[in-house]
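To be precise, the following lines are my_file.cif, and they hold mmCIF, C-alpha atoms.
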```cif
data_coords
loop_
_atom_site.label_atom_id
_atom_site.label_comp_id
_atom_site.auth_asym_id
_atom_site.auth_seq_id
_atom_site.Cartn_x
_atom_site.Cartn_y
_atom_site.Cartn_z
CA ARG Y 1 58.15 -106.81 -96.91
CA LYS Y 2 61.62 -106.27 -95.54
CA ARG Y 3 63.92 -109.12 -96.41
CA THR Y 4 65.60 -110.96 -93.56
CA LEU Y 5 69.33 -111.54 -93.30
CA ALA Y 6 68.75 -115.25 -93.86
CA GLU Y 7 66.95 -114.54 -97.11
CA ASP Y 8 69.76 -112.27 -98.34
CA PHE Y 9 72.51 -114.70 -97.39
CA PRO Y 10 73.89 -116.65 -100.38
CA ARG Y 11 72.85 -120.26 -100.57
CA TRP Y 12 75.22 -123.05 -101.54
CA PRO Y 13 74.39 -126.70 -102.04
CA PRO Y 14 75.03 -128.76 -98.90
CA SER Y 15 78.52 -130.16 -98.71
CA SER Y 16 79.43 -133.80 -98.15
CA TRP Y 17 82.33 -135.69 -96.60
CA ASP Y 18 84.14 -138.64 -98.12
CA TYR Y 19 85.06 -140.84 -95.15
CA ASP Y 20 87.20 -143.05 -97.37
CA TRP Y 21 89.33 -140.22 -98.76
CA ASP Y 22 92.55 -142.11 -97.90
CA GLY Y 23 91.29 -145.61 -98.75
CA ARG Y 24 91.45 -146.69 -95.10
CA ALA Y 25 87.84 -146.46 -93.98
CA ASP Y 26 87.41 -150.24 -93.86
CA ARG Y 27 90.49 -150.99 -91.74
CA PRO Y 28 89.65 -152.36 -88.29
CA GLY Y 29 90.51 -150.58 -85.06
CA LEU Y 30 90.88 -146.95 -84.18
CA GLY Y 31 94.46 -145.78 -84.23
CA PRO Y 32 95.98 -142.71 -82.64
CA VAL Y 33 94.97 -139.19 -83.54
CA ARG Y 34 97.41 -137.81 -86.10
CA HIS Y 35 98.77 -134.27 -85.99
CA ILE Y 36 100.52 -132.87 -89.06
CA ILE Y 37 102.33 -129.59 -88.45
CA LEU Y 38 103.11 -127.71 -91.65
CA VAL Y 39 105.71 -124.94 -91.49
CA ARG Y 40 106.52 -122.62 -94.35
CA HIS Y 41 110.23 -121.95 -94.90
CA GLY Y 42 111.87 -118.72 -93.75
CA GLU Y 43 112.48 -115.62 -95.83
CA TYR Y 44 114.95 -116.29 -98.62
CA THR Y 45 116.85 -114.55 -101.38
CA HIS Y 46 118.59 -115.39 -104.63
CA SER Y 47 122.32 -115.03 -105.11
CA ALA Y 48 125.07 -116.28 -107.39
CA ALA Y 49 125.22 -119.33 -105.13
CA GLY Y 50 121.48 -119.96 -105.49
CA GLN Y 51 118.56 -119.65 -103.11
CA HIS Y 52 119.28 -119.41 -99.41
CA LEU Y 53 117.73 -118.03 -96.24
CA THR Y 54 118.35 -114.41 -95.41
CA PRO Y 55 119.62 -113.56 -91.90
CA LEU Y 56 116.00 -112.73 -91.04
CA GLY Y 57 114.89 -116.06 -92.50
CA GLU Y 58 117.39 -117.87 -90.28
CA GLU Y 59 116.09 -116.00 -87.25
CA GLN Y 60 112.51 -116.84 -88.21
CA ALA Y 61 113.50 -120.52 -88.37
CA ARG Y 62 115.19 -120.35 -84.96
CA LEU Y 63 112.13 -118.74 -83.41
CA VAL Y 64 109.69 -121.26 -84.84
CA GLY Y 65 112.02 -124.06 -83.70
CA LYS Y 66 111.96 -122.69 -80.16
CA ARG Y 67 108.20 -122.39 -80.33
CA LEU Y 68 107.70 -125.98 -81.46
CA ALA Y 69 110.12 -127.22 -78.80
CA ALA Y 70 108.10 -125.38 -76.15
CA TRP Y 71 105.04 -127.40 -77.13
CA GLY Y 72 106.67 -130.43 -75.55
CA VAL Y 73 105.12 -132.89 -78.01
CA PRO Y 74 107.04 -135.93 -79.31
CA PHE Y 75 107.50 -135.20 -83.00
CA LYS Y 76 108.01 -138.49 -84.80
CA ALA Y 77 110.01 -137.00 -87.67
CA ILE Y 78 110.87 -133.80 -89.52
CA HIS Y 79 110.30 -133.79 -93.26
CA SER Y 80 111.21 -131.09 -95.78
CA SER Y 81 111.25 -130.38 -99.46
CA ALA Y 82 114.51 -130.63 -101.39
CA LEU Y 83 114.70 -126.89 -102.08
CA PRO Y 84 117.45 -125.08 -100.10
CA ARG Y 85 115.15 -122.59 -98.36
CA ALA Y 86 112.99 -125.36 -96.91
CA ARG Y 87 115.92 -127.64 -96.15
CA GLN Y 88 117.81 -124.91 -94.30
CA THR Y 89 114.68 -124.08 -92.31
CA ALA Y 90 114.21 -127.73 -91.37
CA GLN Y 91 117.84 -128.06 -90.31
CA ILE Y 92 117.57 -125.05 -88.01
CA ILE Y 93 114.30 -126.32 -86.52
CA ALA Y 94 115.88 -129.75 -85.98
CA GLN Y 95 118.47 -128.16 -83.68
CA HIS Y 96 115.62 -127.41 -81.27
CA LEU Y 97 113.98 -130.83 -81.62
CA PRO Y 98 116.88 -133.25 -81.05
CA ASP Y 99 114.60 -136.26 -80.54
CA ALA Y 100 112.88 -135.84 -83.92
CA PRO Y 101 114.96 -137.35 -86.74
CA LEU Y 102 115.44 -135.13 -89.77
CA GLN Y 103 114.45 -137.17 -92.81
CA PRO Y 104 116.13 -136.96 -96.23
CA PRO Y 105 114.79 -134.14 -98.40
CA ASP Y 106 111.68 -135.04 -100.37
CA PRO Y 107 111.32 -133.49 -103.87
CA LEU Y 108 107.59 -134.27 -103.80
CA LEU Y 109 107.25 -131.36 -101.35
CA ASN Y 110 108.98 -128.86 -103.66
CA GLU Y 111 107.12 -125.67 -104.54
CA GLY Y 112 104.88 -125.52 -107.60
CA CYS Y 113 101.39 -124.75 -108.83
CA PRO Y 114 99.08 -127.57 -107.72
CA VAL Y 115 96.13 -126.29 -109.75
CA LEU Y 116 95.35 -122.98 -111.42
CA PRO Y 117 93.81 -120.78 -108.72
CA VAL Y 118 90.34 -119.28 -108.91
CA PRO Y 119 90.17 -116.31 -109.13
CA PRO Y 120 93.37 -116.03 -111.19
CA ALA Y 121 96.45 -114.89 -109.30
CA HIS Y 122 98.02 -111.55 -110.09
CA ASP Y 123 101.36 -111.77 -111.92
CA TYR Y 124 101.37 -115.57 -111.79
CA SER Y 125 100.78 -117.57 -114.95
CA PRO Y 126 102.56 -120.94 -115.02
CA SER Y 127 102.37 -122.93 -118.23
CA PRO Y 128 99.75 -125.68 -118.58
CA GLU Y 129 102.58 -128.21 -118.74
CA ASP Y 130 104.06 -126.99 -115.45
CA VAL Y 131 100.66 -127.00 -113.73
CA ALA Y 132 99.99 -130.56 -114.91
CA ALA Y 133 103.38 -131.82 -113.70
CA ASP Y 134 103.26 -129.89 -110.42
CA GLY Y 135 99.69 -130.98 -109.78
CA ARG Y 136 100.50 -134.67 -110.13
CA ARG Y 137 103.57 -134.36 -107.91
CA ILE Y 138 101.93 -132.31 -105.15
CA GLU Y 139 98.89 -134.60 -105.10
CA GLU Y 140 101.29 -137.53 -104.71
CA ALA Y 141 102.85 -135.71 -101.75
CA PHE Y 142 99.41 -135.27 -100.22
CA THR Y 143 98.60 -138.97 -100.46
CA LYS Y 144 102.02 -139.79 -98.96
CA TYR Y 145 101.80 -137.56 -95.89
CA PHE Y 146 98.07 -137.27 -95.24
CA ARG Y 147 96.39 -140.44 -94.05
CA ARG Y 148 94.74 -141.64 -90.89
CA LEU Y 149 96.50 -144.03 -88.53
CA THR Y 150 94.81 -147.39 -88.24
CA GLY Y 151 95.00 -150.19 -85.71
CA PRO Y 152 94.42 -150.01 -81.95
CA SER Y 153 95.81 -147.08 -80.02
CA ALA Y 154 98.08 -147.47 -77.00
CA THR Y 155 95.16 -147.22 -74.59
CA GLN Y 156 93.16 -149.77 -76.56
CA ARG Y 157 96.18 -152.11 -76.45
CA GLY Y 158 96.21 -151.82 -72.67
CA GLN Y 159 99.60 -150.13 -72.58
CA ALA Y 160 100.70 -147.61 -69.99
CA PRO Y 161 98.97 -144.21 -70.11
CA ARG Y 162 102.30 -142.53 -70.88
CA ASP Y 163 102.29 -144.23 -74.29
CA PRO Y 164 100.87 -141.64 -76.67
CA ASP Y 165 97.47 -141.92 -78.32
CA GLU Y 166 98.61 -139.17 -80.64
CA GLU Y 167 101.33 -138.99 -83.25
CA TRP Y 168 103.00 -135.79 -84.44
CA ASP Y 169 104.77 -135.18 -87.76
CA LEU Y 170 106.45 -131.97 -88.88
CA VAL Y 171 106.63 -130.99 -92.56
CA VAL Y 172 108.61 -127.95 -93.74
CA ALA Y 173 107.42 -126.91 -97.18
CA HIS Y 174 106.17 -124.01 -99.28
CA ALA Y 175 103.22 -121.67 -99.40
CA ASN Y 176 101.45 -123.14 -102.44
CA VAL Y 177 101.98 -126.71 -101.28
CA ILE Y 178 100.78 -126.01 -97.74
CA ARG Y 179 97.71 -124.14 -98.92
CA TYR Y 180 96.80 -126.97 -101.28
CA PHE Y 181 97.26 -129.53 -98.49
CA VAL Y 182 94.87 -127.55 -96.29
CA MET Y 183 92.19 -127.41 -98.97
CA ARG Y 184 92.54 -131.11 -99.78
CA SER Y 185 92.55 -132.28 -96.17
CA LEU Y 186 89.39 -130.28 -95.40
CA GLN Y 187 87.80 -131.45 -98.67
CA LEU Y 188 87.34 -127.88 -99.88
CA THR Y 189 87.67 -126.90 -103.52
CA PRO Y 190 91.42 -127.11 -104.23
CA ASP Y 191 91.47 -124.25 -106.72
CA ALA Y 192 90.74 -121.82 -103.86
CA TRP Y 193 94.23 -122.32 -102.37
CA ASN Y 194 95.46 -118.86 -103.40
CA ARG Y 195 92.80 -117.17 -101.25
CA LEU Y 196 94.87 -118.10 -98.19
CA VAL Y 197 98.10 -116.35 -97.22
CA THR Y 198 100.76 -117.70 -94.88
CA ARG Y 199 103.80 -115.80 -93.64
CA HIS Y 200 107.32 -117.18 -93.62
CA THR Y 201 107.62 -119.88 -90.91
CA GLY Y 202 103.86 -119.70 -90.35
CA VAL Y 203 102.59 -122.79 -88.53
CA THR Y 204 99.59 -124.76 -89.81
CA HIS Y 205 98.10 -127.56 -87.71
CA ILE Y 206 96.01 -130.32 -89.30
CA LEU Y 207 94.46 -133.04 -87.13
CA ILE Y 208 93.35 -136.32 -88.66
CA HIS Y 209 90.94 -138.31 -86.50
CA PRO Y 210 90.97 -142.11 -86.74
CA ASP Y 211 87.49 -142.04 -88.30
CA GLY Y 212 88.82 -139.97 -91.19
CA GLN Y 213 87.55 -136.54 -90.20
CA CYS Y 214 90.09 -133.72 -90.52
CA TYR Y 215 90.32 -130.42 -88.68
CA CYS Y 216 92.46 -127.31 -89.07
CA PHE Y 217 93.52 -126.09 -85.62
CA GLY Y 218 95.44 -123.13 -87.03
CA PHE Y 219 96.68 -121.76 -90.33
CA GLY Y 220 99.87 -119.79 -90.96
CA ASP Y 221 100.23 -118.86 -87.28
CA ALA Y 222 103.24 -116.56 -86.91
CA GLY Y 223 102.82 -115.69 -83.24
CA HIS Y 224 106.49 -116.53 -82.61
CA LEU Y 225 107.48 -113.45 -84.66
CA GLN Y 226 107.41 -109.78 -83.83
CA VAL Y 227 105.52 -107.59 -86.28
CA GLY Y 228 108.77 -106.34 -87.81
CA GLN Y 229 109.91 -109.91 -88.41
CA MET Y 230 106.83 -110.96 -90.38
CA THR Y 231 107.33 -111.43 -94.13
CA TYR Y 232 105.47 -113.42 -96.73
CA ALA Y 233 106.58 -112.55 -100.28
#
```
Let me see whether you can do it: turn the structure in this file into structure tokens.
Amino acid sequence: RKRTLAEDFPRWPPSSWDYDWDGRADRPGLGPVRHIILVRHGEYTHSAAGQHLTPLGEEQARLVGKRLAAWGVPFKAIHSSALPRARQTAQIIAQHLPDAPLQPPDPLLNEGCPVLPVPPAHDYSPSPEDVAADGRRIEEAFTKYFRRLTGPSATQRGQAPRDPDEEWDLVVAHANVIRYFVMRSLQLTPDAWNRLVTRHTGVTHILIHPDGQCYCFGFGDAGHLQVGQMTYA
């Protein structure tokens, strides 16, 4: 008998969803929908003065800033890691989003290895001590920035329709950190983070619903760049 496609298709155990992943499942009221926009820093180089954006990296940051401004959404704040390449990118983006306050740099968002990737990465072998320290720090960053909003929304409070039922936050960080955040927010196995690739200034959009469900509306989107402006290494 000829086997069917369904019979040949690999079978995995059914997945589950932890509705209390942020410890807020029992809080009363449905708050606004939360949008977290993750942007990878621009292309950078090393010099005697340290890491800094290349001229192309600065242009990438300007273009993603223009793109985010064109969305017309009220970003609540702009966050970034403390590393120069991310901080410079955030500062350039902030020029295009004057109503979104640029927050102090956050070392929790610095680049690192959140967990050893499976399969192993080529030419990348951090020490067990570095992985342990990075993993604790990046997980702390996840719990800080990723959580549902609780309490009644503007509509539920009877406020004017112009009051938003959505909140938007912008985080400028690094490829490993962003990829780990995506895996964790979607409750996928975190050690698969290296199977994703995001270009410099790629835009990732995570939506957190008040009931705790999370959705990825886009990953590493670099549509603001021309082909010749796209870099990732």
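Atom CA of Y:Val177 to atom CA of Y:Thr189 spans 14.5 Å [interatomic distance, one decimal].
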Query raised in the report: Between atom CA of Y:Thr45 and atom CA of Y:Gly57, what is the spacing in Å?
Result: 9.2 Å
Report task. Given the file shown, enumerate the residues that the PyMOL selection byres ((chain Y and resi 88-105) around 7) captures and present them as a PyMOL selection string. Result -> chain Y and resi 41-42+61-62+65-66+69+75-82+84-87+106-107+172
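Here the PyMOL selection byres ((chain Y and resi 209) around 9) catches exactly these residues: Y:Leu30, Y:Gly31, Y:Pro32, Y:Val33, Y:Arg34, Y:His35, Y:Arg148, Y:Leu149, Y:Leu207, Y:Ile208, Y:Pro210, Y:Asp211, Y:Gly212, Y:Gln213, Y:Cys214, Y:Tyr215.
Remark: for Y:Glu58, the closest of the candidate residues Y:Trp71, Y:Phe142, Y:Trp168, Y:Tyr44 is Y:Tyr44 (distances computed over all atoms listed in the file).
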Requested in this report: Evaluate the PyMOL selection byres ((chain Y and resi 18) around 12) and record the selected residues as number ranges by chain, following the chain and residue labels used in the document.
Outcome: Y: 15-17, 19-25, 184-188, 211-214
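Reported to one decimal place, the separation of atom CA of Y:His200 from atom CA of Y:Pro119 is 23.1 Å.
If you measure from each of Y:Ile138, Y:Glu111, Y:Pro55, Y:Leu38 to Y:Leu68 using only C-alpha atoms, the closest one turns out to be Y:Leu38.
Distances here use only C-alpha atoms; by that measure, the residue among Y:Ala175, Y:Glu166, Y:Phe181, Y:Gln226 closest to Y:Lys144 is Y:Phe181.
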Query raised in the report: Which polymer residues have any atom within 12 Å of an atom of Y:Met230, counting all atoms listed in the file, with same-chain residues fewer than 6 positions away left out, as a ChimeraX atom specification?
Result: /Y:42-43,56-57,59-61,63,198-202,220-224
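Distances from Y:Ile37, Y:His52, Y:Ser47, Y:Leu116 to Y:Ile206 were compared using all atoms listed in the file, and the smallest one belongs to Y:Ile37.
For the choices Y:Ala70, Y:Val131, Y:Ala233, Y:Val171, the atom-to-atom distance to Y:Pro114 is smallest for Y:Val131 when using all atoms listed in the file.
With all atoms listed in the file as the atoms that count, the minimum distance from Y:Ile36 to the choices Y:Leu109, Y:Cys216, Y:Val118, Y:Leu170 is reached by Y:Leu170.
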Restricted to C-alpha atoms, what does stretch 123-156 of chain Y look like when written out as a PDB file, in the first residue's frame?
```
ATOM      1  CA  ASP Y 123      32.655  28.740  14.986  1.00  0.00           C
ATOM      2  CA  TYR Y 124      30.876  29.690  18.205  1.00  0.00           C
ATOM      3  CA  SER Y 125      31.829  28.006  21.461  1.00  0.00           C
ATOM      4  CA  PRO Y 126      31.377  30.213  24.537  1.00  0.00           C
ATOM      5  CA  SER Y 127      32.597  28.836  27.843  1.00  0.00           C
ATOM      6  CA  PRO Y 128      30.126  27.136  30.203  1.00  0.00           C
ATOM      7  CA  GLU Y 129      30.713  29.957  32.678  1.00  0.00           C
ATOM      8  CA  ASP Y 130      29.817  32.610  30.091  1.00  0.00           C
ATOM      9  CA  VAL Y 131      26.702  30.722  28.998  1.00  0.00           C
ATOM     10  CA  ALA Y 132      25.541  30.376  32.605  1.00  0.00           C
ATOM     11  CA  ALA Y 133      26.069  34.082  33.348  1.00  0.00           C
ATOM     12  CA  ASP Y 134      24.587  35.253  30.046  1.00  0.00           C
ATOM     13  CA  GLY Y 135      21.631  32.910  30.392  1.00  0.00           C
ATOM     14  CA  ARG Y 136      20.683  34.243  33.820  1.00  0.00           C
ATOM     15  CA  ARG Y 137      21.023  37.852  32.678  1.00  0.00           C
ATOM     16  CA  ILE Y 138      19.101  37.477  29.411  1.00  0.00           C
ATOM     17  CA  GLU Y 139      16.320  35.538  31.136  1.00  0.00           C
ATOM     18  CA  GLU Y 140      16.100  38.389  33.658  1.00  0.00           C
ATOM     19  CA  ALA Y 141      15.750  40.793  30.729  1.00  0.00           C
ATOM     20  CA  PHE Y 142      12.940  38.668  29.328  1.00  0.00           C
ATOM     21  CA  THR Y 143      10.992  38.733  32.588  1.00  0.00           C
ATOM     22  CA  LYS Y 144      11.531  42.508  32.802  1.00  0.00           C
ATOM     23  CA  TYR Y 145      10.278  43.419  29.332  1.00  0.00           C
ATOM     24  CA  PHE Y 146       7.840  40.637  28.475  1.00  0.00           C
ATOM     25  CA  ARG Y 147       4.647  40.613  30.503  1.00  0.00           C
ATOM     26  CA  ARG Y 148       0.994  41.188  29.849  1.00  0.00           C
ATOM     27  CA  LEU Y 149      -0.709  44.417  30.869  1.00  0.00           C
ATOM     28  CA  THR Y 150      -3.372  43.958  33.502  1.00  0.00           C
ATOM     29  CA  GLY Y 151      -6.271  46.083  34.673  1.00  0.00           C
ATOM     30  CA  PRO Y 152      -9.122  47.531  32.607  1.00  0.00           C
ATOM     31  CA  SER Y 153      -8.357  49.002  29.218  1.00  0.00           C
ATOM     32  CA  ALA Y 154      -9.329  52.538  28.225  1.00  0.00           C
ATOM     33  CA  THR Y 155     -12.544  51.341  26.590  1.00  0.00           C
ATOM     34  CA  GLN Y 156     -13.453  49.259  29.625  1.00  0.00           C
TER      35      GLN Y 156
END
```
